[in-house]
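A.B. asks: Contents of start14.txt (compact mmCIF, C-alpha atoms) are below:
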```
# COMPACT_ATOMS: atom_id res chain seq x y z
CA MET A 1 -6.60 -4.96 -13.88
CA ASN A 2 -4.66 -2.55 -16.03
CA ARG A 3 -2.92 -0.07 -13.75
CA GLU A 4 -0.07 2.31 -14.37
CA MET A 5 3.20 1.14 -12.79
CA LYS A 6 4.56 4.10 -10.85
CA PHE A 7 7.08 4.47 -8.06
CA ARG A 8 8.39 7.00 -5.55
CA VAL A 9 11.76 6.79 -3.81
CA TRP A 10 12.60 7.80 -0.23
CA ASN A 11 16.15 9.10 0.27
CA PRO A 12 16.97 8.72 3.99
CA ARG A 13 20.17 10.76 3.83
CA LEU A 14 18.42 13.78 2.29
CA LYS A 15 15.12 13.00 4.03
CA GLN A 16 13.27 13.56 0.76
CA MET A 17 10.59 11.70 -1.19
CA SER A 18 10.81 11.84 -4.97
CA GLU A 19 7.94 12.83 -7.21
CA PRO A 20 6.10 9.86 -8.77
CA PHE A 21 7.73 8.42 -11.88
CA THR A 22 7.31 5.49 -14.25
CA LEU A 23 10.01 2.99 -15.09
CA GLN A 24 9.89 4.22 -18.67
CA SER A 25 10.72 7.75 -17.55
CA LEU A 26 13.59 6.42 -15.46
CA ILE A 27 14.98 4.38 -18.33
CA THR A 28 14.82 7.32 -20.71
CA ALA A 29 16.46 9.60 -18.12
CA GLU A 30 13.53 12.01 -17.95
CA VAL A 31 13.51 11.82 -14.15
CA ALA A 32 16.41 12.98 -11.95
CA LEU A 33 15.94 11.04 -8.72
CA LEU A 34 16.73 13.15 -5.70
CA HIS A 35 19.81 14.97 -6.92
CA LYS A 36 21.16 12.18 -9.14
CA SER A 37 21.24 9.64 -6.31
CA HIS A 38 19.31 6.97 -8.25
CA CYS A 39 22.10 4.41 -7.84
CA ASP A 40 22.33 4.88 -4.08
CA GLU A 41 21.63 1.54 -2.33
CA SER A 42 20.08 3.28 0.68
CA LEU A 43 17.11 4.51 -1.37
CA VAL A 44 13.76 2.95 -0.43
CA TRP A 45 11.53 2.28 -3.45
CA ARG A 46 7.75 2.61 -2.90
CA GLU A 47 5.29 1.22 -5.46
CA TYR A 48 2.05 2.86 -6.58
CA THR A 49 -0.89 0.67 -5.54
CA GLY A 50 -3.01 1.58 -8.56
CA LEU A 51 -5.61 3.14 -6.23
CA LYS A 52 -6.51 6.69 -5.21
CA ASP A 53 -7.95 8.13 -2.01
CA LYS A 54 -11.15 10.16 -1.64
CA ASN A 55 -9.30 13.26 -2.93
CA SER A 56 -7.92 11.44 -6.01
CA THR A 57 -4.44 11.35 -4.43
CA GLU A 58 -2.43 8.33 -5.59
CA ILE A 59 -1.80 5.79 -2.80
CA TYR A 60 1.74 4.41 -2.55
CA GLU A 61 3.23 1.64 -0.45
CA GLY A 62 4.35 3.23 2.83
CA ASP A 63 1.73 5.99 2.72
CA ILE A 64 -0.16 6.64 5.94
CA VAL A 65 -3.91 6.70 5.37
CA ARG A 66 -6.76 7.91 7.53
CA GLU A 67 -9.91 5.79 7.35
CA TYR A 68 -13.22 7.39 8.24
CA ARG A 69 -16.15 5.45 9.67
CA ILE A 70 -19.01 5.21 7.26
CA GLY A 71 -22.46 4.68 8.70
CA ILE A 72 -25.08 2.49 7.10
CA GLY A 73 -28.54 4.01 6.92
CA CYS A 74 -31.58 2.83 5.01
CA GLY A 75 -29.47 0.35 3.05
CA SER A 76 -27.09 2.93 1.65
CA LEU A 77 -23.83 4.51 2.74
CA GLU A 78 -23.94 7.87 4.47
CA LYS A 79 -21.21 10.21 3.36
CA TYR A 80 -18.50 10.69 5.97
CA GLU A 81 -19.22 14.44 6.08
CA GLU A 82 -22.69 13.65 7.42
CA ILE A 83 -21.32 11.81 10.46
CA GLY A 84 -18.69 14.35 11.40
CA LYS A 85 -15.66 12.66 9.83
CA GLN A 86 -15.23 10.19 12.66
CA VAL A 87 -11.77 8.64 12.22
CA ARG A 88 -11.72 4.85 12.49
CA ARG A 89 -7.95 4.39 12.20
CA ILE A 90 -4.71 5.84 10.91
CA ALA A 91 -2.36 3.22 9.51
CA PRO A 92 0.27 2.67 6.80
CA VAL A 93 -0.23 0.90 3.50
CA LEU A 94 2.09 -2.12 3.45
CA TRP A 95 2.60 -5.08 1.11
CA SER A 96 1.61 -8.48 2.51
CA ASP A 97 3.49 -11.51 1.19
CA GLU A 98 0.82 -13.76 2.74
CA GLU A 99 -2.15 -11.99 1.11
CA LEU A 100 -0.21 -10.94 -2.02
CA CYS A 101 -1.73 -7.47 -1.93
CA PHE A 102 -1.41 -4.09 -0.24
CA MET A 103 -2.95 -4.01 3.25
CA VAL A 104 -4.00 -1.44 5.85
CA ASP A 105 -3.58 -3.33 9.11
CA ASP A 106 -5.56 -6.54 8.55
CA THR A 107 -7.74 -5.25 5.69
CA ARG A 108 -7.02 -5.36 1.97
CA LEU A 109 -6.44 -1.88 0.56
CA GLY A 110 -8.67 -2.60 -2.45
CA VAL A 111 -11.62 -3.28 -0.16
CA LEU A 112 -11.10 -0.08 1.82
CA SER A 113 -10.56 2.15 -1.20
CA GLY A 114 -13.82 0.95 -2.71
CA TRP A 115 -15.77 2.63 0.11
CA GLY A 116 -14.32 6.07 -0.71
CA ASN A 117 -13.41 6.79 2.90
CA LEU A 118 -9.59 6.75 2.80
CA GLU A 119 -7.37 9.81 2.82
CA VAL A 120 -3.56 9.90 2.40
CA VAL A 121 -2.15 12.01 5.24
CA SER A 122 1.61 11.39 4.86
CA ASN A 123 4.06 8.47 4.70
CA ILE A 124 6.03 6.35 7.17
CA TYR A 125 9.32 8.03 6.27
CA GLU A 126 8.50 11.71 6.57
CA HIS A 127 6.05 11.45 9.49
CA PRO A 128 6.40 8.14 11.39
CA ASN A 129 4.99 9.92 14.46
CA LEU A 130 1.51 9.84 12.83
CA ILE A 131 1.30 6.08 13.36
CA PRO A 132 -0.47 5.39 16.68
CA ALA A 133 1.76 3.56 19.17
CA THR A 134 -1.12 1.26 20.16
CA ASP A 135 -1.49 -0.11 16.65
CA THR A 136 -1.12 -3.89 16.29
CA THR A 137 1.19 -3.71 13.26
CA MET A 138 3.66 -1.29 14.84
CA GLY A 139 6.49 -3.86 14.73
CA THR A 140 6.13 -4.20 10.98
CA ARG A 141 6.09 -0.44 10.57
CA HIS A 142 9.20 0.10 12.63
CA SER A 143 11.06 -2.54 10.61
CA LEU A 144 10.31 -0.52 7.47
CA VAL A 145 11.25 2.80 9.03
CA ASP A 146 14.43 1.40 10.59
CA LYS A 147 15.73 0.34 7.15
CA CYS A 148 16.20 4.03 6.28
```
How does the structure come out when it is put into structure tokens?
C.D. replies:
Amino acid sequence: MNREMKFRVWNPRLKQMSEPFTLQSLITAEVALLHKSHCDESLVWREYTGLKDKNSTEIYEGDIVREYRIGIGCGSLEKYEEIGKQVRRIAPVLWSDEELCFMVDDTRLGVLSGWGNLEVVSNIYEHPNLIPATDTTMGTRHSLVDKC
């Protein structure tokens, strides 16, 4: 897999997310990270997963995605618009050391993105309230948010 290595940075003091950038642009000083705070140890780096949602929005670690149910009919997938955009879950994209990949709850992100039914709605830093309190991975999410 040949994917572009991109990052975003969350600045908890300014409560701002940077625009996406490559390491090359950082090295060549083409990117000013959140008001020249690129050496600040409190910054939280988020990696681009190499995948995009149904709207072609890049998916980054820490993004909150909405997954729509997709019905199966006559051996083919029905488009989510045809079933009223029924939301299956809203959950963050997190790295799993056990699975060695990005996950949405207990499912590999690559599997979910292949169905074309994911949509980035925000991220765990700017809108942690979007994560349902009943979700099974809430402890993991809070540990990421609390590091800010």
A.B. asks: Applying 12 Å and only C-alpha atoms, which residues near stretch 103-106 of chain A remain after dropping the ones on its own chain fewer than 2 positions away? List them as a ChimeraX atom specification.
C.D. replies: /A:49,59-67,88-101,108-113,118,120,131-132,135-141
A.B. asks: How would the residues just picked look written out with C-alpha atoms as an mmCIF file, keeping the file's coordinate frame?
C.D. replies:
```
data_model
loop_
_atom_site.group_PDB
_atom_site.id
_atom_site.type_symbol
_atom_site.label_atom_id
_atom_site.label_comp_id
_atom_site.auth_asym_id
_atom_site.auth_seq_id
_atom_site.Cartn_x
_atom_site.Cartn_y
_atom_site.Cartn_z
ATOM 1 C CA THR A 49 -0.890 0.670 -5.540
ATOM 2 C CA ILE A 59 -1.800 5.790 -2.800
ATOM 3 C CA TYR A 60 1.740 4.410 -2.550
ATOM 4 C CA GLU A 61 3.230 1.640 -0.450
ATOM 5 C CA GLY A 62 4.350 3.230 2.830
ATOM 6 C CA ASP A 63 1.730 5.990 2.720
ATOM 7 C CA ILE A 64 -0.160 6.640 5.940
ATOM 8 C CA VAL A 65 -3.910 6.700 5.370
ATOM 9 C CA ARG A 66 -6.760 7.910 7.530
ATOM 10 C CA GLU A 67 -9.910 5.790 7.350
ATOM 11 C CA ARG A 88 -11.720 4.850 12.490
ATOM 12 C CA ARG A 89 -7.950 4.390 12.200
ATOM 13 C CA ILE A 90 -4.710 5.840 10.910
ATOM 14 C CA ALA A 91 -2.360 3.220 9.510
ATOM 15 C CA PRO A 92 0.270 2.670 6.800
ATOM 16 C CA VAL A 93 -0.230 0.900 3.500
ATOM 17 C CA LEU A 94 2.090 -2.120 3.450
ATOM 18 C CA TRP A 95 2.600 -5.080 1.110
ATOM 19 C CA SER A 96 1.610 -8.480 2.510
ATOM 20 C CA ASP A 97 3.490 -11.510 1.190
ATOM 21 C CA GLU A 98 0.820 -13.760 2.740
ATOM 22 C CA GLU A 99 -2.150 -11.990 1.110
ATOM 23 C CA LEU A 100 -0.210 -10.940 -2.020
ATOM 24 C CA CYS A 101 -1.730 -7.470 -1.930
ATOM 25 C CA ARG A 108 -7.020 -5.360 1.970
ATOM 26 C CA LEU A 109 -6.440 -1.880 0.560
ATOM 27 C CA GLY A 110 -8.670 -2.600 -2.450
ATOM 28 C CA VAL A 111 -11.620 -3.280 -0.160
ATOM 29 C CA LEU A 112 -11.100 -0.080 1.820
ATOM 30 C CA SER A 113 -10.560 2.150 -1.200
ATOM 31 C CA LEU A 118 -9.590 6.750 2.800
ATOM 32 C CA VAL A 120 -3.560 9.900 2.400
ATOM 33 C CA ILE A 131 1.300 6.080 13.360
ATOM 34 C CA PRO A 132 -0.470 5.390 16.680
ATOM 35 C CA ASP A 135 -1.490 -0.110 16.650
ATOM 36 C CA THR A 136 -1.120 -3.890 16.290
ATOM 37 C CA THR A 137 1.190 -3.710 13.260
ATOM 38 C CA MET A 138 3.660 -1.290 14.840
ATOM 39 C CA GLY A 139 6.490 -3.860 14.730
ATOM 40 C CA THR A 140 6.130 -4.200 10.980
ATOM 41 C CA ARG A 141 6.090 -0.440 10.570
#
```
A.B. asks: Considering only C-alpha atoms, state which residue in the set A:Asn129, A:Trp10, A:Gly116, A:Ile124 is at the smallest distance from A:Lys52.
C.D. replies: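 Going through A:Asn129, A:Trp10, A:Gly116, A:Ile124 one by one, the smallest distance to A:Lys52 is for A:Gly116.
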A.B. asks: Would you compute the distance between atom CA of A:Gly50 and atom CA of A:Glu4? Give it in Å to one decimal.
C.D. replies: 6.6 Å
A.B. asks: Distance atom CA of A:Gly114-atom CA of A:Phe7, one decimal place?
C.D. replies: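 Rounded to one decimal, the two atoms are 21.9 Å apart.
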A.B. asks: To one decimal place, how far is atom CA of A:Thr57 from atom CA of A:Glu119 in Å?
C.D. replies: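 A separation of 8.0 Å between them.
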A.B. asks: Using only C-alpha atoms, find the one residue out of A:Pro128, A:Tyr48, A:Trp115, A:Ser42 that sits nearest to A:Thr22.
C.D. replies: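 Nearest to A:Thr22: A:Tyr48.
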A.B. asks: Please return the centre and edge lengths, in Å to one decimal, of a box with edges along x, y and z that contains all listed atoms of stretch 112-129 of chain A, widened by 5 Å on every side, as AutoDock Vina command-line options.
C.D. replies:
```
--center_x -3.2 --center_y 6.0 --center_z 5.9 --size_x 35.1 --size_y 22.1 --size_z 27.2
```
A.B. asks: Neighbourhood query: residues within 12 Å of (1.1, 4.1, -19.1), file coordinates, counting all atoms listed in the file; return as a PDB file with C-alpha atoms, keeping the file's coordinate frame.
C.D. replies:
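Produced file selection06.pdb, reproduced below:
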```pdb
ATOM      1  CA  ASN A   2      -4.660  -2.550 -16.030  1.00  0.00           C
ATOM      2  CA  ARG A   3      -2.920  -0.070 -13.750  1.00  0.00           C
ATOM      3  CA  GLU A   4      -0.070   2.310 -14.370  1.00  0.00           C
ATOM      4  CA  MET A   5       3.200   1.140 -12.790  1.00  0.00           C
ATOM      5  CA  LYS A   6       4.560   4.100 -10.850  1.00  0.00           C
ATOM      6  CA  PHE A  21       7.730   8.420 -11.880  1.00  0.00           C
ATOM      7  CA  THR A  22       7.310   5.490 -14.250  1.00  0.00           C
ATOM      8  CA  LEU A  23      10.010   2.990 -15.090  1.00  0.00           C
ATOM      9  CA  GLN A  24       9.890   4.220 -18.670  1.00  0.00           C
ATOM     10  CA  SER A  25      10.720   7.750 -17.550  1.00  0.00           C
ATOM     11  CA  GLY A  50      -3.010   1.580  -8.560  1.00  0.00           C
TER      12      GLY A  50
END
```
A.B. asks: Using only C-alpha atoms, which of A:Asn117, A:Asn123, A:Tyr68, A:Asn55 sits nearest A:Arg8?
C.D. replies: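 Among A:Asn117, A:Asn123, A:Tyr68, A:Asn55, it is A:Asn123 that comes nearest to A:Arg8.
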